[in-house]
Each structure stands twice: as C-alpha cells, then as structure tokens.
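Visitor: If it helps, the file is called coords01.cif and holds mmCIF, C-alpha atoms and all ligand atoms:
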data_upload
#
loop_
_atom_site.group_PDB
_atom_site.id
_atom_site.type_symbol
_atom_site.label_atom_id
_atom_site.label_comp_id
_atom_site.auth_asym_id
_atom_site.auth_seq_id
_atom_site.Cartn_x
_atom_site.Cartn_y
_atom_site.Cartn_z
ATOM 1 C CA MET N 1 0.000 0.000 0.000
ATOM 2 C CA ARG N 2 1.456 3.338 -1.059
ATOM 3 C CA ILE N 3 0.306 6.333 0.959
ATOM 4 C CA LEU N 4 0.900 9.919 -0.103
ATOM 5 C CA LEU N 5 1.251 12.165 2.941
ATOM 6 C CA VAL N 6 1.086 15.927 2.378
ATOM 7 C CA GLU N 7 1.889 17.985 5.473
ATOM 8 C CA ASP N 8 4.051 21.106 5.672
ATOM 9 C CA HIS N 9 4.695 20.890 9.423
ATOM 10 C CA GLN N 10 7.915 18.898 9.522
ATOM 11 C CA ALA N 11 7.536 17.332 12.974
ATOM 12 C CA ILE N 12 3.960 16.223 12.320
ATOM 13 C CA ARG N 13 4.876 14.925 8.855
ATOM 14 C CA GLU N 14 7.754 12.852 10.224
ATOM 15 C CA MET N 15 5.709 11.537 13.117
ATOM 16 C CA ILE N 16 2.886 10.341 10.829
ATOM 17 C CA ALA N 17 5.296 8.960 8.208
ATOM 18 C CA ASP N 18 7.347 7.050 10.803
ATOM 19 C CA HIS N 19 4.254 5.549 12.351
ATOM 20 C CA LEU N 20 2.753 4.425 9.043
ATOM 21 C CA ARG N 21 6.077 3.014 7.809
ATOM 22 C CA GLU N 22 6.406 1.064 11.042
ATOM 23 C CA ARG N 23 2.990 -0.393 10.295
ATOM 24 C CA GLY N 24 4.096 -1.580 6.881
ATOM 25 C CA PHE N 25 2.866 1.163 4.572
ATOM 26 C CA ALA N 26 5.112 2.645 1.906
ATOM 27 C CA VAL N 27 4.861 6.401 2.549
ATOM 28 C CA ASP N 28 5.759 9.256 0.228
ATOM 29 C CA ALA N 29 5.916 12.244 2.566
ATOM 30 C CA VAL N 30 5.945 15.700 0.966
ATOM 31 C CA ASP N 31 5.531 19.226 2.287
ATOM 32 C CA ARG N 32 3.619 20.964 -0.496
ATOM 33 C CA GLY N 33 1.028 20.504 -3.227
ATOM 34 C CA GLU N 34 3.402 20.726 -6.151
ATOM 35 C CA ARG N 35 5.501 17.843 -4.772
ATOM 36 C CA ALA N 36 2.357 15.822 -4.024
ATOM 37 C CA LEU N 37 1.273 16.080 -7.654
ATOM 38 C CA ALA N 38 4.753 15.108 -8.820
ATOM 39 C CA ALA N 39 4.752 12.054 -6.512
ATOM 40 C CA ALA N 40 1.283 11.036 -7.727
ATOM 41 C CA ARG N 41 2.495 11.166 -11.330
ATOM 42 C CA ILE N 42 5.317 8.693 -10.652
ATOM 43 C CA ALA N 43 3.123 5.802 -9.508
ATOM 44 C CA PRO N 44 -0.478 5.203 -8.459
ATOM 45 C CA ILE N 45 -1.221 5.860 -4.802
ATOM 46 C CA ASP N 46 -3.559 3.844 -2.612
ATOM 47 C CA ALA N 47 -4.601 6.711 -0.352
ATOM 48 C CA VAL N 48 -3.724 10.299 0.448
ATOM 49 C CA VAL N 49 -3.475 11.890 3.892
ATOM 50 C CA LEU N 50 -3.426 15.640 3.491
ATOM 51 C CA ASP N 51 -3.215 18.774 5.555
ATOM 52 C CA LEU N 52 -5.676 21.509 4.707
ATOM 53 C CA GLY N 53 -3.299 24.477 5.067
ATOM 54 C CA LEU N 54 -0.332 24.077 2.720
ATOM 55 C CA PRO N 55 2.200 26.734 1.677
ATOM 56 C CA ASP N 56 1.493 26.636 -2.061
ATOM 57 C CA THR N 57 -2.111 25.507 -2.267
ATOM 58 C CA ASP N 58 -5.200 24.716 -0.296
ATOM 59 C CA GLY N 59 -5.714 21.060 0.658
ATOM 60 C CA MET N 60 -9.122 21.090 -1.044
ATOM 61 C CA GLN N 61 -7.711 22.310 -4.338
ATOM 62 C CA LEU N 62 -4.905 19.794 -4.100
ATOM 63 C CA LEU N 63 -7.381 16.975 -3.504
ATOM 64 C CA ALA N 64 -9.358 18.054 -6.570
ATOM 65 C CA ALA N 65 -6.147 18.060 -8.637
ATOM 66 C CA LEU N 66 -5.120 14.630 -7.346
ATOM 67 C CA ARG N 67 -8.582 13.280 -8.091
ATOM 68 C CA ALA N 68 -8.431 14.691 -11.609
ATOM 69 C CA ALA N 69 -5.474 12.368 -12.165
ATOM 70 C CA GLN N 70 -6.682 9.399 -10.096
ATOM 71 C CA ALA N 71 -10.437 9.597 -9.791
ATOM 72 C CA ASP N 72 -11.348 7.714 -6.650
ATOM 73 C CA VAL N 73 -8.165 7.794 -4.578
ATOM 74 C CA PRO N 74 -9.257 7.602 -0.911
ATOM 75 C CA ALA N 75 -8.405 10.738 1.077
ATOM 76 C CA ILE N 76 -8.238 11.721 4.729
ATOM 77 C CA ILE N 77 -7.950 15.400 5.578
ATOM 78 C CA VAL N 78 -5.845 16.273 8.621
ATOM 79 C CA THR N 79 -6.297 19.771 9.912
ATOM 80 C CA ALA N 80 -6.174 22.089 12.886
ATOM 81 C CA ARG N 81 -9.406 23.716 11.781
ATOM 82 C CA ASP N 82 -12.234 22.283 13.796
ATOM 83 C CA GLY N 83 -15.197 24.435 12.824
ATOM 84 C CA VAL N 84 -18.309 22.651 11.638
ATOM 85 C CA ASP N 85 -18.158 24.497 8.320
ATOM 86 C CA ASP N 86 -14.669 23.222 7.616
ATOM 87 C CA ARG N 87 -15.755 19.725 8.531
ATOM 88 C CA LEU N 88 -18.621 19.908 6.053
ATOM 89 C CA LEU N 89 -16.306 21.427 3.477
ATOM 90 C CA GLY N 90 -13.912 18.503 3.957
ATOM 91 C CA LEU N 91 -16.559 15.895 3.428
ATOM 92 C CA ASN N 92 -18.252 17.787 0.603
ATOM 93 C CA SER N 93 -14.940 18.118 -1.200
ATOM 94 C CA GLY N 94 -14.960 14.357 -1.545
ATOM 95 C CA ALA N 95 -12.585 13.495 1.299
ATOM 96 C CA ASP N 96 -13.464 10.104 2.747
ATOM 97 C CA ASP N 97 -12.678 11.144 6.292
ATOM 98 C CA TYR N 98 -11.551 14.081 8.354
ATOM 99 C CA ILE N 99 -9.339 14.176 11.466
ATOM 100 C CA VAL N 100 -8.624 17.195 13.657
ATOM 101 C CA LYS N 101 -5.234 18.012 15.234
ATOM 102 C CA PRO N 102 -4.125 17.041 17.759
ATOM 103 C CA PHE N 103 -4.961 13.429 17.062
ATOM 104 C CA ASN N 104 -3.824 10.008 18.090
ATOM 105 C CA LEU N 105 -1.641 8.168 15.539
ATOM 106 C CA LEU N 106 -3.489 4.928 16.167
ATOM 107 C CA GLU N 107 -6.766 6.658 15.393
ATOM 108 C CA LEU N 108 -5.377 8.036 12.137
ATOM 109 C CA GLU N 109 -4.094 4.570 11.236
ATOM 110 C CA ALA N 110 -7.483 2.985 12.033
ATOM 111 C CA ARG N 111 -9.281 5.543 9.888
ATOM 112 C CA LEU N 112 -6.802 5.050 7.089
ATOM 113 C CA ARG N 113 -7.374 1.293 7.144
ATOM 114 C CA ALA N 114 -11.137 1.931 7.147
ATOM 115 C CA VAL N 115 -11.017 4.126 4.019
ATOM 116 C CA LEU N 116 -8.642 1.653 2.334
ATOM 117 C CA ARG N 117 -11.032 -1.150 3.157
ATOM 118 C CA ARG N 118 -13.995 0.771 1.737
ATOM 119 C CA ALA N 119 -11.969 1.569 -1.368
ATOM 120 C CA GLY N 120 -10.982 -2.098 -1.462
ATOM 121 C CA SER N 121 -14.575 -3.064 -2.063
ATOM 122 C CA ARG N 122 -14.140 -1.128 -5.324
ATOM 123 C CA ARG N 123 -10.861 -2.827 -6.240
ATOM 124 C CA GLU N 124 -8.604 -5.712 -5.268
ATOM 125 C CA THR N 125 -6.685 -5.515 -1.985
ATOM 126 C CA ARG N 126 -5.936 -9.192 -1.685
ATOM 127 C CA TYR N 127 -3.540 -11.305 -3.713
ATOM 128 C CA THR N 128 -3.798 -15.059 -3.970
ATOM 129 C CA LEU N 129 -1.360 -17.405 -5.713
ATOM 130 C CA GLY N 130 -0.017 -20.893 -5.086
ATOM 131 C CA GLY N 131 -2.052 -21.330 -1.909
ATOM 132 C CA VAL N 132 -0.745 -18.056 -0.484
ATOM 133 C CA THR N 133 -3.029 -15.103 0.227
ATOM 134 C CA PHE N 134 -1.818 -11.638 1.181
ATOM 135 C CA ASP N 135 -4.150 -8.903 2.403
ATOM 136 C CA THR N 136 -2.601 -5.530 1.584
ATOM 137 C CA VAL N 137 -4.740 -3.715 4.168
ATOM 138 C CA THR N 138 -4.241 -5.911 7.240
ATOM 139 C CA ARG N 139 -0.728 -6.993 6.018
ATOM 140 C CA GLU N 140 -1.604 -10.596 6.903
ATOM 141 C CA ALA N 141 -0.370 -13.508 4.842
ATOM 142 C CA THR N 142 -1.628 -17.078 4.947
ATOM 143 C CA ALA N 143 -0.554 -20.297 3.249
ATOM 144 C CA PHE N 144 -3.463 -22.692 2.731
ATOM 145 C CA GLY N 145 -5.388 -20.771 5.393
ATOM 146 C CA LYS N 146 -2.625 -20.935 8.017
ATOM 147 C CA PRO N 147 -1.000 -17.644 9.087
ATOM 148 C CA LEU N 148 2.486 -16.987 7.747
ATOM 149 C CA ASP N 149 4.567 -15.129 10.304
ATOM 150 C CA LEU N 150 6.324 -12.464 8.211
ATOM 151 C CA THR N 151 8.338 -9.423 9.245
ATOM 152 C CA ARG N 152 7.298 -6.059 7.771
ATOM 153 C CA ARG N 153 10.116 -6.280 5.277
ATOM 154 C CA GLU N 154 9.212 -9.819 4.208
ATOM 155 C CA ALA N 155 5.546 -8.844 3.879
ATOM 156 C CA ALA N 156 6.468 -5.844 1.698
ATOM 157 C CA LEU N 157 8.618 -8.107 -0.456
ATOM 158 C CA LEU N 158 5.832 -10.671 -0.839
ATOM 159 C CA GLU N 159 3.371 -7.909 -1.736
ATOM 160 C CA GLU N 160 5.635 -6.562 -4.496
ATOM 161 C CA LEU N 161 6.202 -10.043 -5.921
ATOM 162 C CA LEU N 162 2.510 -10.987 -5.797
ATOM 163 C CA ARG N 163 1.560 -7.756 -7.547
ATOM 164 C CA VAL N 164 3.159 -8.938 -10.803
ATOM 165 C CA PRO N 165 3.540 -12.731 -10.681
ATOM 166 C CA GLY N 166 5.735 -14.163 -13.421
ATOM 167 C CA GLN N 167 7.401 -10.817 -14.099
ATOM 168 C CA VAL N 168 10.941 -9.978 -13.112
ATOM 169 C CA ILE N 169 11.145 -7.114 -10.606
ATOM 170 C CA THR N 170 14.479 -5.347 -10.495
ATOM 171 C CA LYS N 171 16.557 -5.272 -7.329
ATOM 172 C CA ASP N 172 16.495 -1.462 -7.413
ATOM 173 C CA ARG N 173 12.721 -1.377 -7.298
ATOM 174 C CA LEU N 174 12.510 -3.900 -4.497
ATOM 175 C CA GLU N 175 15.170 -2.062 -2.505
ATOM 176 C CA ASP N 176 13.279 1.220 -2.918
ATOM 177 C CA ARG N 177 10.163 -0.453 -1.631
ATOM 178 C CA LEU N 178 11.843 -2.160 1.318
ATOM 179 C CA TYR N 179 13.890 0.849 2.345
ATOM 180 C CA ALA N 180 10.778 3.010 2.309
ATOM 181 C CA LEU N 181 9.931 1.024 5.432
ATOM 182 C CA GLU N 182 12.997 1.811 7.488
ATOM 183 C CA ASP N 183 16.606 2.926 7.266
ATOM 184 C CA ALA N 184 18.643 1.424 4.496
ATOM 185 C CA GLY N 185 19.955 -1.926 5.613
ATOM 186 C CA SER N 186 23.205 -3.555 4.712
ATOM 187 C CA ALA N 187 24.130 -4.090 1.073
ATOM 188 C CA ASN N 188 22.674 -7.596 1.047
ATOM 189 C CA ALA N 189 19.547 -6.859 3.109
ATOM 190 C CA LEU N 190 17.384 -7.632 0.077
ATOM 191 C CA GLU N 191 19.076 -10.990 -0.534
ATOM 192 C CA ALA N 192 18.687 -11.827 3.154
ATOM 193 C CA ALA N 193 14.975 -10.922 3.109
ATOM 194 C CA VAL N 194 14.454 -13.015 -0.039
ATOM 195 C CA SER N 195 16.066 -16.074 1.517
ATOM 196 C CA ARG N 196 14.048 -15.728 4.719
ATOM 197 C CA LEU N 197 10.842 -15.386 2.722
ATOM 198 C CA ARG N 198 11.788 -18.426 0.616
ATOM 199 C CA ARG N 199 12.353 -20.496 3.755
ATOM 200 C CA LYS N 200 9.014 -19.443 5.232
ATOM 201 C CA LEU N 201 7.113 -20.145 2.005
ATOM 202 C CA SER N 202 8.793 -23.499 1.703
ATOM 203 C CA SER N 203 8.140 -24.606 5.276
ATOM 204 C CA ALA N 204 4.471 -23.632 4.818
ATOM 205 C CA HIS N 205 4.440 -25.828 1.661
ATOM 206 C CA ALA N 206 3.355 -22.844 -0.452
ATOM 207 C CA ALA N 207 3.268 -23.675 -4.154
ATOM 208 C CA LEU N 208 5.329 -20.564 -4.881
ATOM 209 C CA SER N 209 8.923 -20.094 -5.773
ATOM 210 C CA ILE N 210 11.061 -16.942 -5.924
ATOM 211 C CA GLU N 211 13.410 -17.190 -8.877
ATOM 212 C CA THR N 212 16.650 -15.234 -8.950
ATOM 213 C CA LYS N 213 17.540 -13.548 -12.226
ATOM 214 C CA TRP N 214 21.218 -12.940 -11.636
ATOM 215 C CA GLY N 215 22.198 -9.302 -11.885
ATOM 216 C CA ILE N 216 18.606 -8.249 -12.563
ATOM 217 C CA GLY N 217 16.150 -9.150 -9.859
ATOM 218 C CA TYR N 218 13.565 -11.671 -8.818
ATOM 219 C CA ARG N 219 10.291 -13.105 -9.994
ATOM 220 C CA LEU N 220 7.563 -15.085 -8.315
ATOM 221 C CA ILE N 221 6.224 -18.188 -10.022
ATOM 222 C CA GLU N 222 3.775 -20.899 -9.083
ATOM 223 C CA ALA N 223 5.804 -23.948 -8.207
ATOM 224 C CA GLU N 224 3.894 -26.243 -10.650
ATOM 225 C CA ALA N 225 4.703 -23.867 -13.480
ATOM 226 C CA ARG N 226 8.444 -24.402 -13.091
HETATM 227 CA CA CA S 1 -0.253 23.206 7.423
#
Produce structure tokens that represent the structure in this file.
Guide:
Amino acid sequence: MRILLVEDHQAIREMIADHLRERGFAVDAVDRGERALAAARIAPIDAVVLDLGLPDTDGMQLLAALRAAQADVPAIIVTARDGVDDRLLGLNSGADDYIVKPFNLLELEARLRAVLRRAGSRRETRYTLGGVTFDTVTREATAFGKPLDLTRREAALLEELLRVPGQVITKDRLEDRLYALEDAGSANALEAAVSRLRRKLSSAHAALSIETKWGIGYRLIEAEAR
C-alpha cells in the first residue's frame, strides 16, 4: 500500500510517516502541493493523507487536482481547523474522512485502514497465488489458510512479488520499496529478506517459488509452473 502524505509541518509529517512506515505502509511524505502532484504522477497511490493548510495551495484544491489524475483515490484530511463548516467542506470536497489536530496516531491509522477497506470493495486488496493469500490492508499472509509469520520487510517483499507474478522485478525497485519502510539496511539486506521469505514459504508448503535472475532481480512463479 502506497500512501501519499502531504503535510508542511515537519515534525507532524515525520511523526505520521514514521508511524505508518512502522505499520508496513510505503509512505511518500511531501511538504507541499506541487511535490504531491509530482509524486502522484510517478506511480499510483492507494490513499492520500493531506493537511488543509499548505504553503502553495489549499488542501481542497490539491485533492481536486489529485482526483483529476486518479479519480477515486481515498483521502483523509488532517487539519487544525475544527469548525463545523470546515468539517462539512472537507466531506463535501470528496474526502473520505476528516481528522482534527491534535490526534492520536493509532486513530489516524485505524481511519486510514477503514477508508482503504472501503476503497478495497471497489478494487482488489488481496492477492492469492499458489495457496498463499496476502491482504494488503491488514498486512496478513496465509498459506493454505494458516498464518504466515512475516516481518514487515518480508511482507512488503511478498506484496511486491505478488503484484506482478511471473514478471521480473528489479533489485532497485525492491530495494526502494523495502527501504521506504525503514533505514537502508546492509548491502545484502534484500538478498537476506528473499532467503528468509523463501524459507518461510517453503516450510508452509506454499506452491510458490522466488526465482533469482542474476544481476537483474527476482520473480515469483507458481511452483507447478516451473
Ligand atoms: Ca499546514
């Protein structure tokens, strides 16, 4: 799940981004509208969390611009304004939810999962292949119905591989995705995560295999298809 966070207050932005990354979301955190639009152009986003008062635009106008590019992207407005009129404005602008500062990070996370879940009824949030199912909202993986105990990094890796089964994903892309979660690891952190995930898939008898394409990257295939 890729979340676009737009907040010009540095401490608040970092606090929200750190929390969401810890919970397994990939977060693009930016401080102004122009950068939000640029980030949205690079890759589709699963939800946007945006501050109403931004230095170069109004959160409402930014939301309209983001929606012009990606029609039904779920949005939560975060703001210090707590007047009823602003609240109505937020919901009328098409935001899916509205949260007033100061707020609890767990509450923001719960609301974010709720809007993602509602959006998920409009599109797929669950991947299934080779007996393995991964829910991109709850971050839970199962193999033949039994829970797979994955770290955040392993879950992010599995999600990326399941997104495009059979296709090679470059190491650079996987590293970007994994390092969005936490500080850059050692040079072979990706290789280490791949081998741990392979072991876990294999001990759960998942009919999945992660192929190494030397010098390029990895791809996920159904074991029967080998
Ligand atoms: Ca602000």
Visitor: Where does region 1-118 of chain N meet region 141-160 of chain N within 10 Å, residue by residue, with the nearest atom pair and distance in Å to one decimal for each, counting all atoms listed in the file, listed by chain and rising number, as a Markdown table?
Guide:
| residue | atom | partner | partner_atom | distance |
| --- | --- | --- | --- | --- |
| N:Met1 | CA | N:Glu159 | CA | 8.8 |
| N:Arg21 | CA | N:Arg152 | CA | 9.2 |
| N:Glu22 | CA | N:Arg152 | CA | 7.9 |
| N:Arg23 | CA | N:Arg152 | CA | 7.6 |
| N:Gly24 | CA | N:Arg152 | CA | 5.6 |
| N:Phe25 | CA | N:Ala156 | CA | 8.4 |
| N:Ala26 | CA | N:Ala156 | CA | 8.6 |
Visitor: Please determine, counting only C-alpha atoms, which residue among N:Val100, N:Ala95, N:Ile42, N:Leu201 has the shortest atom-to-atom distance to Asp72 (chain N).
Guide: N:Ala95
Visitor: Starting from the shown file, work through the PyMOL selection byres (((chain N and resi 162-171) around 8) and not hetatm) and note down what comes out as a list in words.
Guide: Tyr127, Thr128, Leu129, Leu158, Glu159, Glu160, Leu161, Asp172, Arg173, Leu174, Glu175, Leu190, Lys213, Ile216, Gly217, Tyr218, Arg219, Leu220 and Ile221 of chain N
Visitor: Apply the PyMOL selection byres (((not hetatm)) within 10 of (chain S and resi 1)) to the structure shown and report the selected residues as a list in words.
Guide: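 The output of the PyMOL selection byres (((not hetatm)) within 10 of (chain S and resi 1)) on this file is Val6, Glu7, Asp8, His9, Gln10, Ile12, Arg13, Asp31, Arg32, Leu50, Asp51, Leu52, Gly53, Leu54, Pro55, Asp58, Gly59, Val78, Thr79 and Ala80 of chain N.
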Visitor: Set the distance at 7 Å and use all atoms listed in the file: which residues neighbour region 107-115 of chain N once local chain neighbours fewer than 6 positions away are removed? I'd like the list as number ranges by chain.
Guide: N: 74, 96, 137
Visitor: What is the distance between CA of Ala17 (chain N) and CA of Ala29 (chain N), in Å to one decimal?
Guide: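 Here the two named atoms are 6.6 Å from each other.
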Visitor: Which residue, N:Glu222, N:Glu34, N:Asp176, N:Glu14, has the smallest gap to Leu208 (chain N) when you use only C-alpha atoms?
Guide: N:Glu222
Visitor: Record the distance separating CA of Ala11 (chain N) and CA of Ala65 (chain N), expressed in Å with one decimal.
Guide: 25.6 Å
Visitor: Set the distance at 6 Å and use all atoms listed in the file: which residues neighbour Asp135 (chain N) once local chain neighbours fewer than 4 positions away are removed? I'd like the list as a PyMOL selection string.
Guide: chain N and resi 126+139-140
Visitor: Residues at most 6 Å from Arg2 (chain N), counting only C-alpha atoms, excluding those fewer than 6 positions away in the same chain, as a list in words?
Guide: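 Everything that qualifies: Ala26, Val27, Ile45 and Asp46 of chain N.
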Visitor: Please indicate the distance in Å from CA of Ala193 (chain N) to CA of Met15 (chain N), rounded to one decimal place.
Guide: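 Straight-line distance from CA of Ala193 (chain N) to CA of Met15 (chain N) works out to 26.3 Å.
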Visitor: In the coordinates of the file, take the point (5.0, -22.1, -3.9) and a cut-off of 6 Å; then, counting only C-alpha atoms, name each qualifying protein, DNA or RNA residue as a PyMOL selection string.
Guide: chain N and resi 130+206-209+222-223
Visitor: Using only C-alpha atoms, which residues sit within 6 Å of Ala47 (chain N) once same-chain residues fewer than 5 positions away are excluded, as a list in words?
Guide: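 Contacts, in chain order: Ile3, Val73, Pro74 and Ala75 of chain N.
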Visitor: May I ask which of the residues N:Ala71, N:Leu63, N:Ala36, N:Leu5 is the closest one to Ala119 (chain N), counting all atoms listed in the file?
Guide: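 Among the listed residues, the smallest separation from Ala119 (chain N) belongs to N:Ala71.
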Visitor: Measuring atom to atom with only C-alpha atoms, identify which of N:Leu62, N:Asp56, N:Trp214, N:Ala69 is nearest to Ala40 (chain N).
Guide: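 Comparing N:Leu62, N:Asp56, N:Trp214, N:Ala69 against Ala40 (chain N), the winner is N:Ala69.
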